[in-house]
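Q: The file below is upload.pdb, PDB, C-alpha atoms and all ligand atoms:
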```
ATOM      1  CA  MET A 158      -7.891  16.879  23.633
ATOM      2  CA  GLU A 159      -9.915  13.807  22.727
ATOM      3  CA  THR A 160      -7.823  11.568  20.434
ATOM      4  CA  ARG A 161      -9.562   9.411  17.840
ATOM      5  CA  ILE A 162      -7.819   6.180  17.059
ATOM      6  CA  ILE A 163      -8.277   5.333  13.402
ATOM      7  CA  ASP A 164      -9.268   1.680  13.234
ATOM      8  CA  GLY A 165      -7.601   0.305  10.095
ATOM      9  CA  LYS A 166      -8.948  -3.192  10.671
ATOM     10  CA  LEU A 167     -12.518  -1.921  10.734
ATOM     11  CA  ILE A 168     -12.112   0.364   7.712
ATOM     12  CA  SER A 169     -10.335  -2.339   5.700
ATOM     13  CA  ALA A 170     -13.159  -4.767   6.544
ATOM     14  CA  GLN A 171     -15.661  -2.176   5.254
ATOM     15  CA  VAL A 172     -13.677  -1.751   2.019
ATOM     16  CA  LYS A 173     -13.420  -5.524   1.524
ATOM     17  CA  ASP A 174     -17.149  -5.983   2.183
ATOM     18  CA  GLU A 175     -17.943  -3.329  -0.440
ATOM     19  CA  ILE A 176     -15.676  -5.128  -2.923
ATOM     20  CA  LYS A 177     -17.308  -8.462  -2.052
ATOM     21  CA  ASP A 178     -20.747  -7.031  -2.903
ATOM     22  CA  LYS A 179     -19.517  -5.410  -6.145
ATOM     23  CA  THR A 180     -17.756  -8.644  -7.133
ATOM     24  CA  ALA A 181     -20.919 -10.705  -6.658
ATOM     25  CA  LYS A 182     -22.676  -8.248  -9.011
ATOM     26  CA  LEU A 183     -19.854  -8.363 -11.563
ATOM     27  CA  ILE A 184     -20.052 -12.148 -11.636
ATOM     28  CA  ALA A 185     -23.862 -12.257 -11.784
ATOM     29  CA  GLU A 186     -24.328  -9.508 -14.382
ATOM     30  CA  HIS A 187     -21.230  -9.839 -16.561
ATOM     31  CA  ASN A 188     -19.864 -13.306 -15.822
ATOM     32  CA  ILE A 189     -16.464 -11.824 -14.944
ATOM     33  CA  THR A 190     -14.665 -13.168 -11.877
ATOM     34  CA  PRO A 191     -11.680 -11.006 -10.926
ATOM     35  CA  CYS A 192      -8.503 -13.083 -10.841
ATOM     36  CA  LEU A 193      -5.216 -12.193  -9.151
ATOM     37  CA  ALA A 194      -2.008 -14.100  -9.915
ATOM     38  CA  VAL A 195       0.481 -14.004  -7.056
ATOM     39  CA  ILE A 196       4.099 -14.963  -7.667
ATOM     40  CA  LEU A 197       6.488 -15.752  -4.832
ATOM     41  CA  VAL A 198      10.144 -16.530  -5.469
ATOM     42  CA  GLY A 199      11.964 -18.253  -2.605
ATOM     43  CA  GLU A 200      10.913 -19.015   0.938
ATOM     44  CA  ASP A 201      11.224 -15.780   2.894
ATOM     45  CA  PRO A 202       8.872 -16.345   5.883
ATOM     46  CA  ALA A 203       7.541 -12.758   5.944
ATOM     47  CA  SER A 204       6.799 -12.905   2.203
ATOM     48  CA  GLN A 205       5.055 -16.263   2.667
ATOM     49  CA  VAL A 206       2.772 -14.665   5.270
ATOM     50  CA  TYR A 207       2.008 -11.691   2.978
ATOM     51  CA  VAL A 208       1.216 -14.004   0.053
ATOM     52  CA  ARG A 209      -1.021 -16.201   2.219
ATOM     53  CA  ASN A 210      -2.918 -13.120   3.433
ATOM     54  CA  LYS A 211      -3.398 -11.898  -0.133
ATOM     55  CA  LYS A 212      -4.769 -15.263  -1.222
ATOM     56  CA  ARG A 213      -7.123 -15.303   1.795
ATOM     57  CA  ALA A 214      -8.370 -11.811   0.950
ATOM     58  CA  CYS A 215      -9.079 -12.948  -2.635
ATOM     59  CA  GLU A 216     -11.122 -15.829  -1.310
ATOM     60  CA  TYR A 217     -13.047 -13.519   1.038
ATOM     61  CA  VAL A 218     -14.084 -11.025  -1.641
ATOM     62  CA  GLY A 219     -14.911 -13.743  -4.179
ATOM     63  CA  PHE A 220     -11.892 -13.470  -6.516
ATOM     64  CA  LYS A 221     -10.019 -16.331  -8.082
ATOM     65  CA  SER A 222      -6.351 -16.452  -7.210
ATOM     66  CA  LEU A 223      -3.522 -18.209  -8.979
ATOM     67  CA  SER A 224      -0.434 -19.015  -7.009
ATOM     68  CA  TYR A 225       3.099 -19.455  -8.368
ATOM     69  CA  GLU A 226       5.615 -20.526  -5.758
ATOM     70  CA  LEU A 227       8.974 -20.646  -7.470
ATOM     71  CA  PRO A 228      12.251 -21.846  -5.933
ATOM     72  CA  ALA A 229      14.811 -19.269  -4.727
ATOM     73  CA  ASP A 230      17.205 -20.165  -7.577
ATOM     74  CA  THR A 231      14.624 -19.398 -10.301
ATOM     75  CA  THR A 232      16.338 -17.457 -13.074
ATOM     76  CA  GLN A 233      15.200 -14.003 -14.054
ATOM     77  CA  GLU A 234      14.451 -15.355 -17.516
ATOM     78  CA  LYS A 235      12.102 -18.002 -16.097
ATOM     79  CA  LEU A 236      10.302 -15.441 -13.920
ATOM     80  CA  LEU A 237       9.889 -13.084 -16.880
ATOM     81  CA  SER A 238       8.465 -15.920 -18.968
ATOM     82  CA  VAL A 239       5.845 -16.678 -16.271
ATOM     83  CA  ILE A 240       4.897 -12.974 -16.238
ATOM     84  CA  CYS A 241       4.730 -12.919 -20.040
ATOM     85  CA  GLU A 242       2.282 -15.859 -20.042
ATOM     86  CA  LEU A 243       0.110 -14.174 -17.403
ATOM     87  CA  ASN A 244       0.141 -10.908 -19.362
ATOM     88  CA  LYS A 245      -1.429 -12.766 -22.303
ATOM     89  CA  ARG A 246      -4.192 -14.513 -20.324
ATOM     90  CA  SER A 247      -7.487 -12.651 -20.603
ATOM     91  CA  ASP A 248      -8.857 -14.371 -17.466
ATOM     92  CA  VAL A 249      -6.075 -12.881 -15.287
ATOM     93  CA  HIS A 250      -6.714  -9.290 -14.195
ATOM     94  CA  GLY A 251      -3.912  -8.651 -11.748
ATOM     95  CA  ILE A 252      -0.294  -9.832 -11.460
ATOM     96  CA  LEU A 253       1.603  -9.405  -8.243
ATOM     97  CA  VAL A 254       5.225 -10.372  -7.725
ATOM     98  CA  GLN A 255       5.996 -10.433  -4.010
ATOM     99  CA  MET A 256       9.008  -8.245  -3.175
ATOM    100  CA  PRO A 257      11.804  -8.439  -2.191
ATOM    101  CA  LEU A 258      13.171 -10.800  -4.847
ATOM    102  CA  PRO A 259      16.380 -12.852  -4.511
ATOM    103  CA  LYS A 260      19.504 -10.770  -5.227
ATOM    104  CA  HIS A 261      20.198 -12.316  -8.667
ATOM    105  CA  ILE A 262      16.887 -10.984 -10.026
ATOM    106  CA  ASN A 263      16.586  -7.361 -11.122
ATOM    107  CA  GLU A 264      13.413  -5.996  -9.514
ATOM    108  CA  LYS A 265      13.098  -3.175 -12.023
ATOM    109  CA  ALA A 266      13.166  -5.588 -14.970
ATOM    110  CA  VAL A 267      10.399  -7.599 -13.296
ATOM    111  CA  ILE A 268       8.216  -4.559 -12.557
ATOM    112  CA  ASP A 269       8.685  -3.304 -16.122
ATOM    113  CA  ALA A 270       7.662  -6.710 -17.531
ATOM    114  CA  ILE A 271       4.217  -6.696 -15.907
ATOM    115  CA  SER A 272       1.601  -5.278 -18.250
ATOM    116  CA  PRO A 273       0.569  -1.842 -16.874
ATOM    117  CA  ASP A 274      -3.078  -3.003 -17.246
ATOM    118  CA  LYS A 275      -2.438  -5.806 -14.751
ATOM    119  CA  ASP A 276       0.010  -3.990 -12.477
ATOM    120  CA  VAL A 277      -2.306  -3.956  -9.449
ATOM    121  CA  ASP A 278       0.607  -2.981  -7.162
ATOM    122  CA  GLY A 279       0.881   0.286  -9.115
ATOM    123  CA  PHE A 280       4.687   0.037  -9.422
ATOM    124  CA  HIS A 281       5.025   0.129 -13.239
ATOM    125  CA  PRO A 282       6.502   3.408 -14.573
ATOM    126  CA  MET A 283       3.361   3.895 -16.730
ATOM    127  CA  ASN A 284       1.137   3.842 -13.640
ATOM    128  CA  VAL A 285       3.517   6.025 -11.649
ATOM    129  CA  GLY A 286       3.569   8.498 -14.554
ATOM    130  CA  ALA A 287      -0.241   8.426 -14.803
ATOM    131  CA  LEU A 288      -0.502   9.304 -11.117
ATOM    132  CA  CYS A 289       1.967  12.131 -11.599
ATOM    133  CA  ILE A 290      -0.044  13.792 -14.384
ATOM    134  CA  GLY A 291      -3.476  12.986 -12.936
ATOM    135  CA  GLU A 292      -4.470  10.296 -15.408
ATOM    136  CA  GLU A 293      -6.229   7.043 -14.614
ATOM    137  CA  GLY A 294      -4.036   4.140 -13.534
ATOM    138  CA  PHE A 295      -3.282   1.834 -10.634
ATOM    139  CA  VAL A 296      -2.082   3.567  -7.488
ATOM    140  CA  SER A 297       0.369   1.962  -5.075
ATOM    141  CA  CYS A 298      -1.760   0.201  -2.436
ATOM    142  CA  THR A 299      -0.316   1.525   0.831
ATOM    143  CA  PRO A 300      -0.617   5.249   0.015
ATOM    144  CA  ALA A 301      -4.043   4.642  -1.556
ATOM    145  CA  GLY A 302      -5.019   2.973   1.730
ATOM    146  CA  VAL A 303      -3.878   6.008   3.720
ATOM    147  CA  ILE A 304      -6.171   8.251   1.655
ATOM    148  CA  GLN A 305      -9.099   5.906   2.380
ATOM    149  CA  LEU A 306      -8.303   5.931   6.105
ATOM    150  CA  LEU A 307      -8.272   9.738   6.156
ATOM    151  CA  LYS A 308     -11.438  10.160   4.089
ATOM    152  CA  ARG A 309     -13.440   7.493   5.865
ATOM    153  CA  SER A 310     -12.440   8.996   9.226
ATOM    154  CA  GLY A 311     -13.812  12.365   8.134
ATOM    155  CA  ALA A 312     -10.416  14.103   8.067
ATOM    156  CA  GLU A 313     -10.293  17.264   6.012
ATOM    157  CA  ILE A 314      -7.334  17.212   3.608
ATOM    158  CA  SER A 315      -7.933  20.134   1.256
ATOM    159  CA  GLY A 316      -5.832  23.173   2.149
ATOM    160  CA  LYS A 317      -4.069  21.392   5.020
ATOM    161  CA  GLU A 318      -0.315  21.349   5.609
ATOM    162  CA  CYS A 319       0.853  17.776   5.107
ATOM    163  CA  VAL A 320       4.367  16.569   5.884
ATOM    164  CA  ILE A 321       5.340  13.148   4.567
ATOM    165  CA  VAL A 322       8.508  11.711   6.077
ATOM    166  CA  GLY A 323      10.030   9.266   3.568
ATOM    167  CA  ARG A 324      10.414   9.449  -0.220
ATOM    168  CA  SER A 325      10.445   5.824  -1.367
ATOM    169  CA  ASN A 326       8.901   4.872  -4.696
ATOM    170  CA  ILE A 327       6.269   2.665  -3.084
ATOM    171  CA  VAL A 328       5.164   4.864  -0.184
ATOM    172  CA  GLY A 329       6.529   8.405   0.216
ATOM    173  CA  LYS A 330       6.475   9.651  -3.392
ATOM    174  CA  PRO A 331       3.044   8.295  -4.422
ATOM    175  CA  MET A 332       1.723   9.451  -1.033
ATOM    176  CA  ALA A 333       2.869  12.993  -1.830
ATOM    177  CA  LEU A 334       1.173  12.907  -5.242
ATOM    178  CA  LEU A 335      -2.080  11.606  -3.753
ATOM    179  CA  MET A 336      -2.140  14.260  -1.027
ATOM    180  CA  LEU A 337      -1.461  16.876  -3.680
ATOM    181  CA  ARG A 338      -4.390  15.487  -5.698
ATOM    182  CA  GLU A 339      -6.509  15.985  -2.554
ATOM    183  CA  ASN A 340      -5.361  19.626  -2.459
ATOM    184  CA  ALA A 341      -3.104  19.416   0.584
ATOM    185  CA  THR A 342      -0.003  21.612   0.737
ATOM    186  CA  VAL A 343       2.660  18.924   0.674
ATOM    187  CA  THR A 344       6.203  18.772   2.035
ATOM    188  CA  VAL A 345       8.259  15.618   1.522
ATOM    189  CA  ALA A 346      10.978  15.141   4.147
ATOM    190  CA  HIS A 347      13.770  12.547   4.101
ATOM    191  CA  SER A 348      17.069  11.620   5.707
ATOM    192  CA  LYS A 349      18.777  14.802   4.440
ATOM    193  CA  THR A 350      16.036  17.151   5.667
ATOM    194  CA  LYS A 351      17.392  19.817   8.022
ATOM    195  CA  ASP A 352      15.545  20.263  11.301
ATOM    196  CA  LEU A 353      12.921  17.584  10.696
ATOM    197  CA  LYS A 354      11.307  18.411  14.031
ATOM    198  CA  GLU A 355      10.456  21.980  12.981
ATOM    199  CA  VAL A 356       9.266  20.804   9.547
ATOM    200  CA  CYS A 357       6.915  18.224  11.123
ATOM    201  CA  LYS A 358       5.650  20.704  13.699
ATOM    202  CA  ARG A 359       4.113  22.831  10.928
ATOM    203  CA  ALA A 360       1.943  19.962   9.781
ATOM    204  CA  ASP A 361      -1.779  19.458  10.209
ATOM    205  CA  ILE A 362      -1.219  15.940   8.885
ATOM    206  CA  VAL A 363       2.023  13.993   9.428
ATOM    207  CA  ILE A 364       2.552  10.768   7.488
ATOM    208  CA  ALA A 365       5.553   8.761   8.684
ATOM    209  CA  ALA A 366       7.048   6.217   6.253
ATOM    210  CA  ILE A 367      10.614   5.945   7.479
ATOM    211  CA  GLY A 368      11.250   2.426   8.754
ATOM    212  CA  LYS A 369      12.748   3.517  12.107
ATOM    213  CA  ALA A 370      10.989   2.567  15.327
ATOM    214  CA  LYS A 371       9.581   5.527  17.266
ATOM    215  CA  ALA A 372      11.522   8.097  15.195
ATOM    216  CA  ILE A 373       8.651  10.595  15.452
ATOM    217  CA  THR A 374       8.303  11.690  19.059
ATOM    218  CA  ALA A 375       5.795  14.031  20.712
ATOM    219  CA  ASP A 376       7.980  17.123  20.200
ATOM    220  CA  TYR A 377       7.635  16.710  16.378
ATOM    221  CA  ILE A 378       3.856  17.051  16.532
ATOM    222  CA  LYS A 379       1.615  20.111  16.645
ATOM    223  CA  GLU A 380      -1.269  19.980  19.112
ATOM    224  CA  GLY A 381      -4.355  18.634  17.307
ATOM    225  CA  ALA A 382      -2.489  17.208  14.289
ATOM    226  CA  ILE A 383      -3.477  13.999  12.501
ATOM    227  CA  VAL A 384      -0.718  11.374  12.541
ATOM    228  CA  ILE A 385      -0.580   8.447  10.125
ATOM    229  CA  ASP A 386       2.060   5.820  10.860
ATOM    230  CA  VAL A 387       3.022   3.671   7.863
ATOM    231  CA  GLY A 388       6.084   2.139   9.540
ATOM    232  CA  ILE A 389       6.262  -1.519  10.441
ATOM    233  CA  ASN A 390       9.236  -2.292  12.658
ATOM    234  CA  ARG A 391       9.891  -5.226  14.922
ATOM    235  CA  ASN A 392      11.136  -4.532  18.425
ATOM    236  CA  GLU A 393      14.275  -6.664  18.781
ATOM    237  CA  GLU A 394      13.716  -7.335  22.489
ATOM    238  CA  THR A 395       9.981  -7.964  22.723
ATOM    239  CA  GLY A 396       9.448  -9.208  19.157
ATOM    240  CA  LYS A 397       6.376  -6.954  18.937
ATOM    241  CA  LEU A 398       5.541  -4.767  15.954
ATOM    242  CA  CYS A 399       5.792  -1.023  16.314
ATOM    243  CA  GLY A 400       5.529   1.952  13.992
ATOM    244  CA  ASP A 401       7.731   4.938  13.190
ATOM    245  CA  VAL A 402       5.780   7.022  15.707
ATOM    246  CA  ASP A 403       6.249   6.978  19.478
ATOM    247  CA  TYR A 404       2.552   6.155  19.845
ATOM    248  CA  GLU A 405       2.136   6.394  23.652
ATOM    249  CA  ASN A 406       3.538   9.912  23.854
ATOM    250  CA  VAL A 407       2.283  11.244  20.500
ATOM    251  CA  ALA A 408      -1.337  10.032  20.731
ATOM    252  CA  PRO A 409      -2.445  12.420  23.519
ATOM    253  CA  LYS A 410      -1.431  15.415  21.340
ATOM    254  CA  CYS A 411      -3.283  14.315  18.199
ATOM    255  CA  SER A 412      -6.821  14.692  16.981
ATOM    256  CA  MET A 413      -6.472  11.371  15.128
ATOM    257  CA  ILE A 414      -3.767   8.703  14.962
ATOM    258  CA  THR A 415      -3.289   5.253  13.452
ATOM    259  CA  PRO A 416      -1.965   2.453  15.670
ATOM    260  CA  VAL A 417       0.628  -0.166  14.603
ATOM    261  CA  PRO A 418      -0.480  -2.851  14.124
ATOM    262  CA  GLY A 419      -4.098  -2.292  13.099
ATOM    263  CA  GLY A 420      -3.759   1.019  11.255
ATOM    264  CA  VAL A 421      -2.318   1.387   7.747
ATOM    265  CA  GLY A 422      -1.234  -2.275   7.452
ATOM    266  CA  PRO A 423      -4.666  -3.861   6.893
ATOM    267  CA  MET A 424      -5.520  -1.221   4.273
ATOM    268  CA  THR A 425      -2.788  -2.307   1.868
ATOM    269  CA  ILE A 426      -4.433  -5.634   1.031
ATOM    270  CA  ALA A 427      -7.889  -4.023   0.850
ATOM    271  CA  MET A 428      -6.588  -1.575  -1.778
ATOM    272  CA  LEU A 429      -4.926  -4.425  -3.677
ATOM    273  CA  MET A 430      -8.342  -6.086  -3.893
ATOM    274  CA  ASN A 431      -9.792  -2.779  -5.055
ATOM    275  CA  ASN A 432      -7.196  -2.441  -7.836
ATOM    276  CA  CYS A 433      -7.826  -5.992  -9.005
ATOM    277  CA  TYR A 434     -11.591  -5.402  -9.029
ATOM    278  CA  GLU A 435     -11.111  -2.203 -11.067
ATOM    279  CA  SER A 436      -8.926  -4.117 -13.515
ATOM    280  CA  ALA A 437     -11.621  -6.758 -14.010
ATOM    281  CA  VAL A 438     -14.312  -4.096 -14.524
ATOM    282  CA  ARG A 439     -12.385  -2.830 -17.558
ATOM    283  CA  HIS A 440     -13.285  -6.124 -19.277
ATOM    284  CA  ILE A 441     -17.044  -5.456 -19.195
ATOM    285  CA  GLY A 442     -18.454  -5.582 -22.704
ATOM    286  CA  GLU A 443     -15.476  -7.370 -24.252
TER     287      GLU A 443
HETATM  288  P1  LIG A 501      12.445   2.894   2.455
HETATM  289  O1  LIG A 501      13.559   2.387   3.303
HETATM  290  O2  LIG A 501      12.416   2.582   1.006
HETATM  291  O3  LIG A 501      12.381   4.480   2.605
HETATM  292  C1  LIG A 501      12.539   5.107   3.847
HETATM  293  C2  LIG A 501      12.501   6.601   3.665
HETATM  294  O4  LIG A 501      12.661   7.202   4.947
HETATM  295  C3  LIG A 501      13.621   7.132   2.770
HETATM  296  O5  LIG A 501      13.117   8.090   1.890
HETATM  297  C4  LIG A 501      14.601   7.755   3.766
HETATM  298  O6  LIG A 501      15.272   8.906   3.265
HETATM  299  C5  LIG A 501      13.689   8.177   4.890
HETATM  300  N1  LIG A 501      14.411   8.212   6.163
HETATM  301  C6  LIG A 501      15.205   7.252   6.692
HETATM  302  N2  LIG A 501      15.693   7.664   7.878
HETATM  303  C7  LIG A 501      15.216   8.901   8.086
HETATM  304  C8  LIG A 501      15.359   9.854   9.122
HETATM  305  N3  LIG A 501      16.107   9.592  10.203
HETATM  306  N4  LIG A 501      14.736  11.026   9.022
HETATM  307  C9  LIG A 501      13.961  11.305   7.940
HETATM  308  N5  LIG A 501      13.772  10.437   6.914
HETATM  309  C10 LIG A 501      14.388   9.249   6.998
HETATM  310  O7  LIG A 501      11.106   2.404   3.182
HETATM  311  P2  LIG A 501       9.602   2.234   2.625
HETATM  312  O8  LIG A 501       9.073   3.528   2.147
HETATM  313  O9  LIG A 501       9.521   1.032   1.767
HETATM  314  O10 LIG A 501       8.872   1.851   4.000
HETATM  315  C11 LIG A 501       8.817   2.746   5.092
HETATM  316  C12 LIG A 501       8.187   2.029   6.270
HETATM  317  O11 LIG A 501       6.861   1.678   5.944
HETATM  318  C13 LIG A 501       8.872   0.718   6.665
HETATM  319  O12 LIG A 501       8.775   0.561   8.080
HETATM  320  C14 LIG A 501       8.044  -0.346   5.978
HETATM  321  O13 LIG A 501       8.092  -1.590   6.665
HETATM  322  C15 LIG A 501       6.680   0.264   6.087
HETATM  323  N6  LIG A 501       5.745  -0.172   5.033
HETATM  324  C16 LIG A 501       4.485  -0.497   5.448
HETATM  325  C17 LIG A 501       3.559  -0.922   4.547
HETATM  326  C18 LIG A 501       2.190  -1.242   5.037
HETATM  327  O14 LIG A 501       1.470  -1.984   4.406
HETATM  328  N7  LIG A 501       1.766  -0.659   6.146
HETATM  329  C19 LIG A 501       3.878  -1.080   3.126
HETATM  330  C20 LIG A 501       5.191  -0.604   2.755
HETATM  331  C21 LIG A 501       6.085  -0.193   3.704
HETATM  332  P3  LIG A 501      16.345   8.863   2.049
HETATM  333  O15 LIG A 501      15.504   8.748   0.811
HETATM  334  O16 LIG A 501      17.032  10.168   2.171
HETATM  335  O17 LIG A 501      17.210   7.678   2.287
END
```
Turn this file's structure into structure tokens for me.
A:
Amino acid sequence: METRIIDGKLISAQVKDEIKDKTAKLIAEHNITPCLAVILVGEDPASQVYVRNKKRACEYVGFKSLSYELPADTTQEKLLSVICELNKRSDVHGILVQMPLPKHINEKAVIDAISPDKDVDGFHPMNVGALCIGEEGFVSCTPAGVIQLLKRSGAEISGKECVIVGRSNIVGKPMALLMLRENATVTVAHSKTKDLKEVCKRADIVIAAIGKAKAITADYIKEGAIVIDVGINRNEETGKLCGDVDYENVAPKCSMITPVPGGVGPMTIAMLMNNCYESAVRHIGE
């Protein structure tokens, strides 16, 4: 079977180029420049890289970005007051607090403090609830990116058996709701699932969001299935990134598969840009 490798870098570049064009129009016709505020607390190197990439993406698509780099000992109260100020500013369309936060700060309190209208990460309970009942709202960027990868690769979703491995609030659960919205028949598996191999083998589409290197091996996959690997794990010995899927052995069985890196990863930032653009569009005519 011919396996198609889904090129996340290419598709994310297409999405960003579309946003760049739409942004130029929004500025020219309505004098609105989308603006994303990014808040980083502490000096975690991985978070610093993510924040830098988000700022670069803003620059590329023509957004303004505001950057708040706060020391690791910032109090929760101080962080909430920064968010409160940004909530009030009409020129700021998206607020992103880079996770994880230092232990002394309650992540839930921070997520809840961001105005749902500016919650471009899609983590606020209002946006999660909207997704659940099919109303408009911001959708968590990684699962939204997976849908774009599938659609733009021509994968049929409607009526297909989809197994999602992982049930986190930021990936697995919203992923399940989005696949349901696309009319897939959805199973959500997790660490307590019995006989995960047999459950996965039923699937036309397997989405792995586990956080365990190469957990999904070839014997979990039906011949001709589509495999989407959300996992980002670092191999302790080689230092290289790898996914939750044993790519070398799984790929020959699939009709389509995403690599790690270069699959789902690049889509997350593209969808963040998309959410921020959509937020700015809501200001037309104000
Ligand atoms: P979490 O740790 O929050 O969730 C992991 C999920 O996997 C849990 O639901 C857990 O089950 C389940 N799980 C763990 N072990 C097993 C197992 N052996 N069998 C079946 N299910 C299992 O992780 P996230 O959802 O935040 O992230 C998942 C992966 O995706 C990570 O590698 C992360 O780095 C990556 N990621 C990638 C992004 C991207 O941009 N590409 C963005 C976000 C995450 P239980 O609930 O029972 O504990």
Q: As an mmCIF file with C-alpha atoms, keeping the file's coordinate frame, please: the residues near A:Ala170 (cut-off 10 Å, all atoms listed in the file, same-chain neighbours under 4 positions excluded).
A:
```cif
data_model
loop_
_atom_site.group_PDB
_atom_site.id
_atom_site.type_symbol
_atom_site.label_atom_id
_atom_site.label_comp_id
_atom_site.auth_asym_id
_atom_site.auth_seq_id
_atom_site.Cartn_x
_atom_site.Cartn_y
_atom_site.Cartn_z
ATOM 1 C CA GLY A 165 -7.601 0.305 10.095
ATOM 2 C CA LYS A 166 -8.948 -3.192 10.671
ATOM 3 C CA ASP A 174 -17.149 -5.983 2.183
ATOM 4 C CA GLU A 175 -17.943 -3.329 -0.440
ATOM 5 C CA ILE A 176 -15.676 -5.128 -2.923
ATOM 6 C CA PRO A 423 -4.666 -3.861 6.893
ATOM 7 C CA MET A 424 -5.520 -1.221 4.273
ATOM 8 C CA ALA A 427 -7.889 -4.023 0.850
#
```
Q: With all atoms listed in the file as the atoms that count, which of A:Lys177, A:Arg324, A:Lys221, A:Lys245 lies nearest to A:Thr190?
A: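 Ranking A:Lys177, A:Arg324, A:Lys221, A:Lys245 by distance to A:Thr190, first place goes to A:Lys221.
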Q: Collect all residues with atoms no farther than 9 Å from ligand LIG 501 (chain A), counting all atoms listed in the file, and output them as a compact mmCIF listing (two decimals) with C-alpha atoms, keeping the file's coordinate frame.
A:
```txt
# COMPACT_ATOMS: atom_id res chain seq x y z
CA CYS A 298 -1.76 0.20 -2.44
CA THR A 299 -0.32 1.52 0.83
CA PRO A 300 -0.62 5.25 0.02
CA GLY A 302 -5.02 2.97 1.73
CA VAL A 322 8.51 11.71 6.08
CA GLY A 323 10.03 9.27 3.57
CA ARG A 324 10.41 9.45 -0.22
CA SER A 325 10.44 5.82 -1.37
CA ASN A 326 8.90 4.87 -4.70
CA ILE A 327 6.27 2.66 -3.08
CA VAL A 328 5.16 4.86 -0.18
CA GLY A 329 6.53 8.40 0.22
CA LYS A 330 6.48 9.65 -3.39
CA VAL A 345 8.26 15.62 1.52
CA ALA A 346 10.98 15.14 4.15
CA HIS A 347 13.77 12.55 4.10
CA SER A 348 17.07 11.62 5.71
CA LYS A 349 18.78 14.80 4.44
CA THR A 350 16.04 17.15 5.67
CA LEU A 353 12.92 17.58 10.70
CA ALA A 365 5.55 8.76 8.68
CA ALA A 366 7.05 6.22 6.25
CA ILE A 367 10.61 5.94 7.48
CA GLY A 368 11.25 2.43 8.75
CA LYS A 369 12.75 3.52 12.11
CA ALA A 370 10.99 2.57 15.33
CA ALA A 372 11.52 8.10 15.20
CA ILE A 373 8.65 10.60 15.45
CA ASP A 386 2.06 5.82 10.86
CA VAL A 387 3.02 3.67 7.86
CA GLY A 388 6.08 2.14 9.54
CA ILE A 389 6.26 -1.52 10.44
CA ASN A 390 9.24 -2.29 12.66
CA CYS A 399 5.79 -1.02 16.31
CA GLY A 400 5.53 1.95 13.99
CA ASP A 401 7.73 4.94 13.19
CA VAL A 417 0.63 -0.17 14.60
CA PRO A 418 -0.48 -2.85 14.12
CA GLY A 420 -3.76 1.02 11.26
CA VAL A 421 -2.32 1.39 7.75
CA GLY A 422 -1.23 -2.28 7.45
CA PRO A 423 -4.67 -3.86 6.89
CA MET A 424 -5.52 -1.22 4.27
CA THR A 425 -2.79 -2.31 1.87
CA ILE A 426 -4.43 -5.63 1.03
```
Q: Which is closest to A:Lys235 among A:Gly219, A:Ile262, A:Val249, A:Glu394, if we use only C-alpha atoms?
A: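 Ranked by minimum distance to A:Lys235, first place goes to A:Ile262.
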Q: List as a PDB file with C-alpha atoms, in the coordinates of the input the protein and nucleic acid residues near A:Ala203, meaning an atom at most 12 Å away when only C-alpha atoms are counted, but skip any in the same chain fewer than 3 places from it.
A:
```pdb
ATOM      1  CA  LEU A 197       6.488 -15.752  -4.832  1.00  0.00           C
ATOM      2  CA  GLY A 199      11.964 -18.253  -2.605  1.00  0.00           C
ATOM      3  CA  GLU A 200      10.913 -19.015   0.938  1.00  0.00           C
ATOM      4  CA  VAL A 206       2.772 -14.665   5.270  1.00  0.00           C
ATOM      5  CA  TYR A 207       2.008 -11.691   2.978  1.00  0.00           C
ATOM      6  CA  VAL A 208       1.216 -14.004   0.053  1.00  0.00           C
ATOM      7  CA  ARG A 209      -1.021 -16.201   2.219  1.00  0.00           C
ATOM      8  CA  ASN A 210      -2.918 -13.120   3.433  1.00  0.00           C
ATOM      9  CA  GLN A 255       5.996 -10.433  -4.010  1.00  0.00           C
ATOM     10  CA  MET A 256       9.008  -8.245  -3.175  1.00  0.00           C
ATOM     11  CA  PRO A 257      11.804  -8.439  -2.191  1.00  0.00           C
ATOM     12  CA  ARG A 391       9.891  -5.226  14.922  1.00  0.00           C
TER      13      ARG A 391
END
```
Q: Running the PyMOL selection byres (((chain A and resi 279) around 6) and not hetatm) on this model by hand, what would come out? Give it as a PDB file with C-alpha atoms, keeping the file's coordinate frame.
A:
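Result written to expr07.pdb:
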```pdb
ATOM      1  CA  ASP A 276       0.010  -3.990 -12.477  1.00  0.00           C
ATOM      2  CA  VAL A 277      -2.306  -3.956  -9.449  1.00  0.00           C
ATOM      3  CA  ASP A 278       0.607  -2.981  -7.162  1.00  0.00           C
ATOM      4  CA  PHE A 280       4.687   0.037  -9.422  1.00  0.00           C
ATOM      5  CA  HIS A 281       5.025   0.129 -13.239  1.00  0.00           C
ATOM      6  CA  ASN A 284       1.137   3.842 -13.640  1.00  0.00           C
ATOM      7  CA  PHE A 295      -3.282   1.834 -10.634  1.00  0.00           C
ATOM      8  CA  VAL A 296      -2.082   3.567  -7.488  1.00  0.00           C
ATOM      9  CA  SER A 297       0.369   1.962  -5.075  1.00  0.00           C
TER      10      SER A 297
END
```
Q: Pick out the residues sitting within 6 Å of stretch 222-234 of chain A, and hand them over as a PyMOL selection string; count all atoms listed in the file, and ignore anything fewer than 3 positions along from it in its own chain.
A: chain A and resi 192-199+237+262
Q: Please write the residues picked by the PyMOL selection byres (((chain A and resi 187) around 10) and not hetatm) on this file as a list in words.
A: Ala181, Lys182, Leu183, Ile184, Ala185, Glu186, Asn188, Ile189, Thr190, Val438, His440, Ile441, Gly442 and Glu443 of chain A
